[in-house]
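S.K.: Please find my_file.cif (mmCIF, C-alpha atoms) on the next line:
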data_structure
#
loop_
_atom_site.label_atom_id
_atom_site.label_comp_id
_atom_site.auth_asym_id
_atom_site.auth_seq_id
_atom_site.Cartn_x
_atom_site.Cartn_y
_atom_site.Cartn_z
CA MET A 169 -1.84 -37.17 6.38
CA SER A 170 -5.35 -35.70 6.53
CA ALA A 171 -7.24 -34.91 3.33
CA TRP A 172 -7.25 -31.18 4.15
CA LYS A 173 -3.51 -31.20 4.77
CA GLN A 174 -2.97 -32.99 1.46
CA ARG A 175 -5.14 -30.43 -0.33
CA CYS A 176 -3.14 -27.55 1.13
CA GLU A 177 0.14 -29.22 0.19
CA ALA A 178 -0.96 -29.91 -3.38
CA GLU A 179 -2.65 -26.60 -4.18
CA TRP A 180 -0.01 -24.36 -2.61
CA GLY A 181 3.07 -26.39 -3.58
CA LEU A 182 4.11 -27.00 0.02
CA GLN A 183 6.04 -30.21 -0.62
CA GLY A 184 9.00 -30.12 1.73
CA ALA A 185 7.57 -27.28 3.81
CA PRO A 186 7.00 -27.80 7.55
CA MET A 187 3.35 -28.81 8.00
CA PRO A 188 2.79 -29.72 11.66
CA ASP A 189 -0.23 -31.77 12.69
CA THR A 190 -1.11 -29.15 15.31
CA VAL A 191 -2.42 -26.86 12.52
CA ASP A 192 -6.16 -26.97 11.76
CA TRP A 193 -5.72 -27.61 8.03
CA LYS A 194 -9.43 -27.40 7.20
CA SER A 195 -9.74 -23.92 8.72
CA LEU A 196 -6.46 -22.86 7.15
CA TYR A 197 -7.57 -24.03 3.71
CA GLU A 198 -10.81 -22.08 4.05
CA ALA A 199 -8.91 -18.96 5.18
CA LYS A 200 -6.62 -19.20 2.12
CA PRO A 201 -3.78 -17.11 3.56
CA LEU A 202 -1.57 -17.80 0.55
CA GLY A 203 -2.16 -16.03 -2.75
CA ARG A 204 -4.79 -13.49 -1.63
CA ASN A 205 -4.54 -9.84 -0.69
CA LEU A 206 -4.20 -9.57 3.09
CA LEU A 207 -4.85 -5.82 3.20
CA LYS A 208 -8.34 -4.71 4.13
CA ASN A 209 -10.07 -2.14 1.92
CA PRO A 210 -7.31 -1.91 -0.74
CA ALA A 211 -9.04 0.80 -2.82
CA PRO A 212 -10.67 3.20 -0.32
CA LEU A 213 -11.09 5.97 -2.90
CA GLY A 214 -13.22 3.72 -5.10
CA PHE A 215 -10.96 3.60 -8.16
CA SER A 216 -9.58 0.64 -10.11
CA LYS A 217 -6.19 0.44 -11.76
CA ASP A 218 -7.92 -1.23 -14.72
CA SER A 219 -9.60 2.09 -15.62
CA PRO A 220 -7.72 5.34 -16.30
CA PRO A 221 -7.66 7.84 -13.43
CA PRO A 222 -10.28 10.58 -13.87
CA GLU A 223 -9.15 13.80 -15.48
CA PRO A 224 -9.04 16.87 -13.22
CA GLU A 225 -12.25 18.89 -13.32
CA LEU A 226 -12.87 22.58 -12.75
CA PRO A 227 -15.17 23.22 -9.79
CA ASP A 228 -18.85 23.71 -10.61
CA VAL A 229 -19.18 26.49 -8.05
CA PRO A 230 -17.01 29.52 -7.31
CA PRO A 231 -14.07 28.64 -5.06
CA GLY A 232 -14.48 29.35 -1.41
CA GLY A 233 -14.79 27.79 1.99
CA PRO A 234 -12.08 26.31 4.18
CA PRO A 235 -9.11 24.44 2.64
CA ARG A 236 -9.35 20.68 2.18
CA PHE A 237 -6.43 18.37 2.80
CA GLN A 238 -8.01 14.89 2.62
CA PRO A 239 -9.73 13.19 -0.33
CA ASP A 240 -13.24 11.81 -0.16
CA GLY A 241 -13.17 8.10 0.56
CA ASP A 242 -14.16 5.24 2.82
CA PHE A 243 -11.23 4.35 5.08
CA PRO A 244 -12.17 1.47 7.45
CA GLY A 245 -9.15 -0.76 8.03
CA TRP A 246 -6.73 2.15 7.64
CA THR A 247 -5.19 4.56 10.11
CA THR A 248 -4.98 7.96 8.41
CA SER A 249 -3.20 11.22 9.13
CA THR A 250 -2.50 14.51 7.35
CA GLU A 251 0.66 16.65 7.41
CA ILE A 252 0.31 20.19 6.06
CA LEU A 253 3.59 21.34 4.52
CA PRO A 254 5.05 24.86 4.68
CA TYR A 255 4.82 27.01 1.55
CA ASP A 256 7.53 26.25 -1.00
CA THR A 257 9.08 29.55 -2.17
CA SER A 258 12.35 28.08 -3.44
CA GLY A 259 11.55 28.68 -7.12
CA ILE A 260 10.37 32.28 -6.77
CA PRO A 261 12.93 34.94 -7.83
CA GLU A 262 13.76 37.62 -5.30
CA GLY A 263 11.49 40.63 -5.51
CA VAL A 264 8.69 38.82 -7.36
CA VAL A 265 5.28 39.21 -5.73
CA ILE A 266 3.07 36.13 -5.70
CA CYS A 267 -0.63 36.53 -4.99
CA ALA A 268 -1.21 32.94 -3.93
CA LEU A 269 0.70 29.71 -3.52
CA PRO A 270 -0.65 26.16 -3.31
CA THR A 271 -0.71 24.49 0.07
CA TYR A 272 0.69 20.98 -0.15
CA SER A 273 -0.05 18.20 2.28
CA TRP A 274 0.84 14.54 2.76
CA PHE A 275 -2.09 12.18 3.31
CA THR A 276 -0.81 9.03 5.02
CA LEU A 277 -2.55 5.66 5.33
CA GLU A 278 -1.18 2.70 7.23
CA GLN A 279 -2.28 -0.79 8.11
CA VAL A 280 -0.76 -3.72 10.02
CA VAL A 281 -1.32 -7.28 8.76
CA ASP A 282 -1.21 -10.02 11.41
CA LEU A 283 0.16 -12.96 9.43
CA LYS A 284 -0.75 -15.62 12.00
CA ALA A 285 -4.28 -14.27 12.39
CA GLU A 286 -4.65 -14.56 8.62
CA GLY A 287 -3.79 -18.28 8.82
CA LEU A 288 -0.03 -18.55 8.35
CA TRP A 289 1.93 -20.69 10.80
CA ASP A 290 5.23 -20.21 12.62
CA GLU A 291 7.16 -23.01 10.94
CA LEU A 292 6.29 -21.80 7.43
CA LEU A 293 7.26 -18.20 8.18
CA ASP A 294 10.47 -19.07 10.02
CA THR A 295 11.83 -21.94 7.94
CA PHE A 296 10.29 -21.73 4.48
CA GLN A 297 9.97 -17.93 4.41
CA PRO A 298 7.54 -17.64 1.46
CA LYS A 299 7.85 -14.52 -0.65
CA ILE A 300 5.81 -11.53 0.50
CA VAL A 301 4.82 -9.38 -2.48
CA ILE A 302 3.93 -5.70 -2.07
CA GLN A 303 2.11 -3.79 -4.82
CA ASP A 304 0.53 -0.36 -5.04
CA TRP A 305 -0.66 2.06 -7.73
CA TYR A 306 -0.73 5.84 -7.64
CA GLU A 307 -1.92 8.53 -10.03
CA GLU A 308 0.40 10.75 -12.05
CA SER A 309 -1.26 13.87 -10.70
CA GLN A 310 1.47 16.25 -11.92
CA LEU A 311 1.12 18.23 -8.71
CA HIS A 312 4.77 18.07 -7.72
CA GLU A 313 8.01 16.15 -8.37
CA SER A 314 7.38 14.09 -5.23
CA ILE A 315 3.79 12.91 -4.86
CA TYR A 316 4.04 9.35 -3.49
CA GLN A 317 6.03 7.43 -0.88
CA LEU A 318 5.87 3.81 0.31
CA HIS A 319 7.35 2.27 3.45
CA VAL A 320 6.78 -1.40 4.31
CA LYS A 321 8.24 -3.16 7.34
CA LEU A 322 8.29 -6.83 8.31
CA LEU A 323 7.92 -6.93 12.09
CA GLY A 324 8.59 -9.51 14.80
CA THR A 325 6.23 -10.82 17.46
CA ASP A 326 6.42 -7.59 19.47
CA LYS A 327 5.14 -5.53 16.49
CA THR A 328 8.19 -3.28 16.97
CA THR A 329 11.34 -5.15 15.93
CA VAL A 330 12.03 -4.52 12.23
CA ILE A 331 13.33 -7.66 10.52
CA SER A 332 13.27 -6.27 6.97
CA GLU A 333 11.95 -3.11 5.32
CA HIS A 334 11.58 -1.39 1.98
CA THR A 335 11.10 2.29 1.09
CA ALA A 336 10.17 3.79 -2.29
CA LYS A 337 10.21 7.53 -3.07
CA PRO A 338 9.77 7.88 -6.84
CA THR A 339 10.36 11.23 -8.55
CA GLU A 340 8.02 12.51 -11.27
CA ASN A 341 9.08 13.98 -14.63
CA MET A 342 7.27 17.31 -14.68
CA SER A 343 8.54 18.24 -18.17
CA VAL A 344 6.27 15.69 -19.91
CA TYR A 345 2.53 15.43 -19.32
CA SER A 346 1.34 11.97 -18.38
CA HIS A 347 -1.75 10.94 -16.46
CA ASN A 348 -1.80 7.21 -15.76
CA TRP A 349 -1.57 4.84 -12.83
CA LYS A 350 2.02 4.06 -11.86
CA GLU A 351 2.95 0.79 -10.20
CA VAL A 352 5.21 0.46 -7.19
CA SER A 353 6.14 -3.06 -6.08
CA HIS A 354 8.63 -5.02 -4.02
CA VAL A 355 9.22 -8.68 -3.15
CA PHE A 356 10.50 -9.69 0.29
CA SER A 357 12.38 -13.01 0.26
CA SER A 358 14.94 -14.73 2.52
CA TYR A 359 13.98 -12.23 5.20
CA GLY A 360 14.96 -14.41 8.14
CA PRO A 361 12.95 -16.00 10.96
CA GLY A 362 10.60 -14.20 13.30
CA VAL A 363 8.33 -12.26 10.92
CA ARG A 364 4.76 -12.11 12.24
CA TYR A 365 3.40 -8.75 11.01
CA VAL A 366 3.58 -6.57 7.91
CA HIS A 367 3.31 -2.82 8.45
CA PHE A 368 2.17 -1.17 5.19
CA GLN A 369 2.34 2.61 4.93
CA HIS A 370 1.97 4.86 1.92
CA ARG A 371 1.33 8.55 1.51
CA VAL A 372 0.27 10.77 -1.34
CA LYS A 373 0.68 14.49 -1.85
CA ASN A 374 -2.36 16.71 -2.33
CA SER A 375 -2.59 20.44 -2.96
CA PHE A 376 -5.08 23.19 -2.27
CA LEU A 377 -5.26 26.48 -4.19
CA ASN A 378 -8.86 27.73 -4.29
CA ASP A 379 -9.85 24.08 -4.78
CA PHE A 380 -8.63 20.63 -3.72
CA PHE A 381 -6.35 18.70 -6.08
CA PRO A 382 -5.57 15.14 -4.96
CA THR A 383 -3.13 12.42 -5.89
CA ARG A 384 -5.22 9.25 -6.02
CA PHE A 385 -4.14 5.68 -5.32
CA THR A 386 -5.62 2.20 -5.66
CA GLY A 387 -4.90 -1.51 -5.67
CA SER A 388 -2.74 -1.69 -2.54
CA SER A 389 -1.81 -5.28 -1.74
CA VAL A 390 0.22 -7.55 0.54
CA ILE A 391 0.26 -11.11 -0.79
CA VAL A 392 2.13 -14.10 0.61
CA LYS A 393 2.84 -16.16 -2.47
CA PRO A 394 2.00 -19.85 -2.71
CA VAL A 395 5.24 -21.75 -3.19
CA LYS A 396 3.72 -23.37 -6.28
CA SER A 397 3.42 -19.99 -8.05
CA ILE A 398 7.03 -18.86 -7.44
#
Any chance you could give the structure as structure tokens?
M.R.:
Amino acid sequence: MSAWKQRCEAEWGLQGAPMPDTVDWKSLYEAKPLGRNLLKNPAPLGFSKDSPPPEPELPDVPPGGPPRFQPDGDFPGWTTSTEILPYDTSGIPEGVVICALPTYSWFTLEQVVDLKAEGLWDELLDTFQPKIVIQDWYEESQLHESIYQLHVKLLGTDKTTVISEHTAKPTENMSVYSHNWKEVSHVFSSYGPGVRYVHFQHRVKNSFLNDFFPTRFTGSSVIVKPVKSI
């Protein structure tokens, strides 16, 4: 066994895992596909979950100009889209005149992780099936009862076949004020052979009423766990 192969086996707890000689173990060790975040640009809005989300601020200038539906950020690595929602009049009593209603929108970001390109090999994914840990954090923006959704799919070689998936649609308690980061997480295990890609998609709800009010997010991650850490 080569020294690089031995190092990978020892550091990642791969005893008993398939470790074919056809793998370039030096390059794989340097790529470190196990135990690191495989998502690119995991905090495109520039915030950290280790610091409280910023408090909403009143605009410094009188409101005006066209509506905004996307937060300021740097989004390389992500595919983004915006869905503007119809006005919600369900809670307005009949006959009541409302001068203005907020416009809500979903801001969606998605990214596909190529597990083999990151350094993982077929035999490990198909036979050993290491745990794939998903984590994300979103802001309690108090904009609406539903402000965040997550959908993660494990895909086959064709990038289309869904081998396993997880969806989260948390509901907010609007009766109590809270303004923190909230964690959403999931662990894929025993997902079956054939997984080659992870499709990560989350979306946050924003609103516009004379000014833009976002729901922020940070710390998105897809991590294939070293066997030693499980």
S.K.: Enumerate, as JSON, numbers by chain, the residues matched when the PyMOL selection byres ((chain A and resi 287-299) around 9) is run on the file above.
M.R.: {"A": [184, 185, 186, 187, 188, 191, 195, 196, 197, 199, 200, 201, 202, 283, 284, 285, 286, 300, 301, 355, 356, 357, 358, 359, 360, 361, 362, 363, 364, 391, 392, 393, 394, 395, 398]}
S.K.: Can you write out the residues you just picked, keeping C-alpha atoms, as a PDB file, keeping the file's coordinate frame?
M.R.:
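As written to disk, result_25.pdb reads:
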ATOM      1  CA  GLY A 184       9.000 -30.120   1.730  1.00  0.00           C
ATOM      2  CA  ALA A 185       7.570 -27.280   3.810  1.00  0.00           C
ATOM      3  CA  PRO A 186       7.000 -27.800   7.550  1.00  0.00           C
ATOM      4  CA  MET A 187       3.350 -28.810   8.000  1.00  0.00           C
ATOM      5  CA  PRO A 188       2.790 -29.720  11.660  1.00  0.00           C
ATOM      6  CA  VAL A 191      -2.420 -26.860  12.520  1.00  0.00           C
ATOM      7  CA  SER A 195      -9.740 -23.920   8.720  1.00  0.00           C
ATOM      8  CA  LEU A 196      -6.460 -22.860   7.150  1.00  0.00           C
ATOM      9  CA  TYR A 197      -7.570 -24.030   3.710  1.00  0.00           C
ATOM     10  CA  ALA A 199      -8.910 -18.960   5.180  1.00  0.00           C
ATOM     11  CA  LYS A 200      -6.620 -19.200   2.120  1.00  0.00           C
ATOM     12  CA  PRO A 201      -3.780 -17.110   3.560  1.00  0.00           C
ATOM     13  CA  LEU A 202      -1.570 -17.800   0.550  1.00  0.00           C
ATOM     14  CA  LEU A 283       0.160 -12.960   9.430  1.00  0.00           C
ATOM     15  CA  LYS A 284      -0.750 -15.620  12.000  1.00  0.00           C
ATOM     16  CA  ALA A 285      -4.280 -14.270  12.390  1.00  0.00           C
ATOM     17  CA  GLU A 286      -4.650 -14.560   8.620  1.00  0.00           C
ATOM     18  CA  ILE A 300       5.810 -11.530   0.500  1.00  0.00           C
ATOM     19  CA  VAL A 301       4.820  -9.380  -2.480  1.00  0.00           C
ATOM     20  CA  VAL A 355       9.220  -8.680  -3.150  1.00  0.00           C
ATOM     21  CA  PHE A 356      10.500  -9.690   0.290  1.00  0.00           C
ATOM     22  CA  SER A 357      12.380 -13.010   0.260  1.00  0.00           C
ATOM     23  CA  SER A 358      14.940 -14.730   2.520  1.00  0.00           C
ATOM     24  CA  TYR A 359      13.980 -12.230   5.200  1.00  0.00           C
ATOM     25  CA  GLY A 360      14.960 -14.410   8.140  1.00  0.00           C
ATOM     26  CA  PRO A 361      12.950 -16.000  10.960  1.00  0.00           C
ATOM     27  CA  GLY A 362      10.600 -14.200  13.300  1.00  0.00           C
ATOM     28  CA  VAL A 363       8.330 -12.260  10.920  1.00  0.00           C
ATOM     29  CA  ARG A 364       4.760 -12.110  12.240  1.00  0.00           C
ATOM     30  CA  ILE A 391       0.260 -11.110  -0.790  1.00  0.00           C
ATOM     31  CA  VAL A 392       2.130 -14.100   0.610  1.00  0.00           C
ATOM     32  CA  LYS A 393       2.840 -16.160  -2.470  1.00  0.00           C
ATOM     33  CA  PRO A 394       2.000 -19.850  -2.710  1.00  0.00           C
ATOM     34  CA  VAL A 395       5.240 -21.750  -3.190  1.00  0.00           C
ATOM     35  CA  ILE A 398       7.030 -18.860  -7.440  1.00  0.00           C
TER      36      ILE A 398
END
S.K.: Compare A:Tyr306, A:Trp246, A:Phe381, A:Phe376 by their minimum atom-to-atom distance to Leu269 of chain A, counting only C-alpha atoms, and give me the closest one.
M.R.: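 The closest residue to Leu269 of chain A is A:Phe376.
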S.K.: Which polymer residues have any atom within 8 Å of an atom of Tyr255 of chain A, counting all atoms listed in the file, with same-chain residues fewer than 3 positions away left out, as an NGL selection string?
M.R.: :A and (269-272)
S.K.: Which residues fall under the PyMOL selection byres ((chain A and resi 389) around 6) in this file, as a list in words?
M.R.: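 The output of the PyMOL selection byres ((chain A and resi 389) around 6) on this file is Asn205, Leu207, Ile302, Gln303, Ser388 and Val390 of chain A.
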S.K.: Using all atoms listed in the file for the distances, tell me which of A:Gln174, A:Asn209, A:Gln317, A:Thr276 is nearest to Glu351 of chain A.
M.R.: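 With all atoms listed in the file as the atom set, the closest residue is A:Gln317.
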S.K.: Looking at all atoms listed in the file, which of A:Val366, A:Lys208, A:Ser353, A:Glu198 is the one that sits closest to Ile331 of chain A?
M.R.: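 Among the listed residues, A:Val366 lies closest to Ile331 of chain A.
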S.K.: Give me, please, the distance in Å between atom CA of Leu318 of chain A and atom CA of Tyr365 of chain A, quoted to one decimal.
M.R.: 16.7 Å
S.K.: Give me, as a ChimeraX atom specification, all polymer residues having an atom no more than 10 Å from Ser249 of chain A, counting only C-alpha atoms and skipping those fewer than 3 positions away in the same chain.
M.R.: /A:238,246,274-278,371
S.K.: Those same residues - C-alpha atoms - I'd like them written as a PDB file, in the coordinates of the input.
M.R.:
ATOM      1  CA  GLN A 238      -8.010  14.890   2.620  1.00  0.00           C
ATOM      2  CA  TRP A 246      -6.730   2.150   7.640  1.00  0.00           C
ATOM      3  CA  TRP A 274       0.840  14.540   2.760  1.00  0.00           C
ATOM      4  CA  PHE A 275      -2.090  12.180   3.310  1.00  0.00           C
ATOM      5  CA  THR A 276      -0.810   9.030   5.020  1.00  0.00           C
ATOM      6  CA  LEU A 277      -2.550   5.660   5.330  1.00  0.00           C
ATOM      7  CA  GLU A 278      -1.180   2.700   7.230  1.00  0.00           C
ATOM      8  CA  ARG A 371       1.330   8.550   1.510  1.00  0.00           C
TER       9      ARG A 371
END
S.K.: For Thr339 of chain A, list every protein, DNA or RNA residue within 10 Å, evaluated using only C-alpha atoms, and leave out those in the same chain fewer than 3 positions away; present the list as a ChimeraX atom specification.
M.R.: /A:312-317,336,342
S.K.: So which residues touch Gly245 of chain A within 12 Å, counting all atoms listed in the file, skipping near sequence neighbours fewer than 2 positions away, as a count of residues only?
M.R.: 17
S.K.: What does the distance from atom CA of Glu179 of chain A to atom CA of Gly203 of chain A come to in Å, to one decimal?
M.R.: 10.7 Å
S.K.: For a quick check of understanding, using all atoms listed in the file, which of A:Pro254, A:Pro244, A:Pro221, A:Pro338 has the smallest distance to Pro382 of chain A?
M.R.: A:Pro221
S.K.: Distance atom CA of Arg204 of chain A-atom CA of Phe385 of chain A, one decimal place?
M.R.: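 Going from atom CA of Arg204 of chain A over to atom CA of Phe385 of chain A covers 19.5 Å.
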S.K.: Since the input is missing atoms, can you rebuild N, CA, C and O atoms for segment 308-326 of chain A and write them as a PDB file, keeping the file's coordinate frame?
M.R.:
ATOM      1  N   GLU A 308      -0.487   9.672 -11.614  1.00  0.00           N
ATOM      2  CA  GLU A 308       0.400  10.750 -12.050  1.00  0.00           C
ATOM      3  C   GLU A 308      -0.394  12.058 -12.023  1.00  0.00           C
ATOM      4  O   GLU A 308      -0.955  12.485 -13.023  1.00  0.00           O
ATOM      5  N   SER A 309      -0.429  12.678 -10.863  1.00  0.00           N
ATOM      6  CA  SER A 309      -1.260  13.870 -10.700  1.00  0.00           C
ATOM      7  C   SER A 309      -0.597  15.139 -11.197  1.00  0.00           C
ATOM      8  O   SER A 309      -1.271  16.171 -11.341  1.00  0.00           O
ATOM      9  N   GLN A 310       0.723  15.080 -11.423  1.00  0.00           N
ATOM     10  CA  GLN A 310       1.470  16.250 -11.920  1.00  0.00           C
ATOM     11  C   GLN A 310       1.422  17.429 -10.947  1.00  0.00           C
ATOM     12  O   GLN A 310       1.602  18.581 -11.345  1.00  0.00           O
ATOM     13  N   LEU A 311       1.183  17.149  -9.692  1.00  0.00           N
ATOM     14  CA  LEU A 311       1.120  18.230  -8.710  1.00  0.00           C
ATOM     15  C   LEU A 311       2.497  18.697  -8.263  1.00  0.00           C
ATOM     16  O   LEU A 311       2.679  19.848  -7.869  1.00  0.00           O
ATOM     17  N   HIS A 312       3.462  17.777  -8.296  1.00  0.00           N
ATOM     18  CA  HIS A 312       4.770  18.070  -7.720  1.00  0.00           C
ATOM     19  C   HIS A 312       5.727  16.962  -8.172  1.00  0.00           C
ATOM     20  O   HIS A 312       5.283  15.922  -8.667  1.00  0.00           O
ATOM     21  N   GLU A 313       7.034  17.190  -8.012  1.00  0.00           N
ATOM     22  CA  GLU A 313       8.010  16.150  -8.370  1.00  0.00           C
ATOM     23  C   GLU A 313       7.917  14.946  -7.443  1.00  0.00           C
ATOM     24  O   GLU A 313       8.243  13.832  -7.830  1.00  0.00           O
ATOM     25  N   SER A 314       7.507  15.182  -6.203  1.00  0.00           N
ATOM     26  CA  SER A 314       7.380  14.090  -5.230  1.00  0.00           C
ATOM     27  C   SER A 314       5.936  14.034  -4.752  1.00  0.00           C
ATOM     28  O   SER A 314       5.480  14.920  -4.024  1.00  0.00           O
ATOM     29  N   ILE A 315       5.210  12.999  -5.185  1.00  0.00           N
ATOM     30  CA  ILE A 315       3.790  12.910  -4.860  1.00  0.00           C
ATOM     31  C   ILE A 315       3.414  11.593  -4.179  1.00  0.00           C
ATOM     32  O   ILE A 315       2.259  11.408  -3.770  1.00  0.00           O
ATOM     33  N   TYR A 316       4.373  10.672  -4.027  1.00  0.00           N
ATOM     34  CA  TYR A 316       4.040   9.350  -3.490  1.00  0.00           C
ATOM     35  C   TYR A 316       5.252   8.792  -2.743  1.00  0.00           C
ATOM     36  O   TYR A 316       6.393   8.925  -3.203  1.00  0.00           O
ATOM     37  N   GLN A 317       4.984   8.132  -1.623  1.00  0.00           N
ATOM     38  CA  GLN A 317       6.030   7.430  -0.880  1.00  0.00           C
ATOM     39  C   GLN A 317       5.446   6.155  -0.278  1.00  0.00           C
ATOM     40  O   GLN A 317       4.279   6.127   0.136  1.00  0.00           O
ATOM     41  N   LEU A 318       6.279   5.117  -0.241  1.00  0.00           N
ATOM     42  CA  LEU A 318       5.870   3.810   0.310  1.00  0.00           C
ATOM     43  C   LEU A 318       6.908   3.359   1.321  1.00  0.00           C
ATOM     44  O   LEU A 318       8.112   3.489   1.085  1.00  0.00           O
ATOM     45  N   HIS A 319       6.450   2.832   2.439  1.00  0.00           N
ATOM     46  CA  HIS A 319       7.350   2.270   3.450  1.00  0.00           C
ATOM     47  C   HIS A 319       6.686   1.022   4.029  1.00  0.00           C
ATOM     48  O   HIS A 319       5.603   1.120   4.622  1.00  0.00           O
ATOM     49  N   VAL A 320       7.321  -0.127   3.827  1.00  0.00           N
ATOM     50  CA  VAL A 320       6.780  -1.400   4.310  1.00  0.00           C
ATOM     51  C   VAL A 320       7.812  -2.049   5.217  1.00  0.00           C
ATOM     52  O   VAL A 320       8.994  -2.131   4.865  1.00  0.00           O
ATOM     53  N   LYS A 321       7.356  -2.508   6.376  1.00  0.00           N
ATOM     54  CA  LYS A 321       8.240  -3.160   7.340  1.00  0.00           C
ATOM     55  C   LYS A 321       7.708  -4.543   7.697  1.00  0.00           C
ATOM     56  O   LYS A 321       6.508  -4.713   7.902  1.00  0.00           O
ATOM     57  N   LEU A 322       8.610  -5.521   7.768  1.00  0.00           N
ATOM     58  CA  LEU A 322       8.290  -6.830   8.310  1.00  0.00           C
ATOM     59  C   LEU A 322       8.687  -6.827   9.776  1.00  0.00           C
ATOM     60  O   LEU A 322       9.853  -6.585  10.110  1.00  0.00           O
ATOM     61  N   LEU A 323       7.715  -7.087  10.652  1.00  0.00           N
ATOM     62  CA  LEU A 323       7.920  -6.930  12.090  1.00  0.00           C
ATOM     63  C   LEU A 323       7.884  -8.279  12.813  1.00  0.00           C
ATOM     64  O   LEU A 323       7.235  -9.226  12.367  1.00  0.00           O
ATOM     65  N   GLY A 324       8.567  -8.319  13.961  1.00  0.00           N
ATOM     66  CA  GLY A 324       8.590  -9.510  14.800  1.00  0.00           C
ATOM     67  C   GLY A 324       7.358  -9.608  15.680  1.00  0.00           C
ATOM     68  O   GLY A 324       6.390  -8.846  15.547  1.00  0.00           O
ATOM     69  N   THR A 325       7.400 -10.533  16.619  1.00  0.00           N
ATOM     70  CA  THR A 325       6.230 -10.820  17.460  1.00  0.00           C
ATOM     71  C   THR A 325       5.821  -9.634  18.322  1.00  0.00           C
ATOM     72  O   THR A 325       4.654  -9.530  18.716  1.00  0.00           O
ATOM     73  N   ASP A 326       6.749  -8.728  18.617  1.00  0.00           N
ATOM     74  CA  ASP A 326       6.420  -7.590  19.470  1.00  0.00           C
ATOM     75  C   ASP A 326       5.841  -6.413  18.683  1.00  0.00           C
ATOM     76  O   ASP A 326       5.553  -5.357  19.252  1.00  0.00           O
TER      77      ASP A 326
END
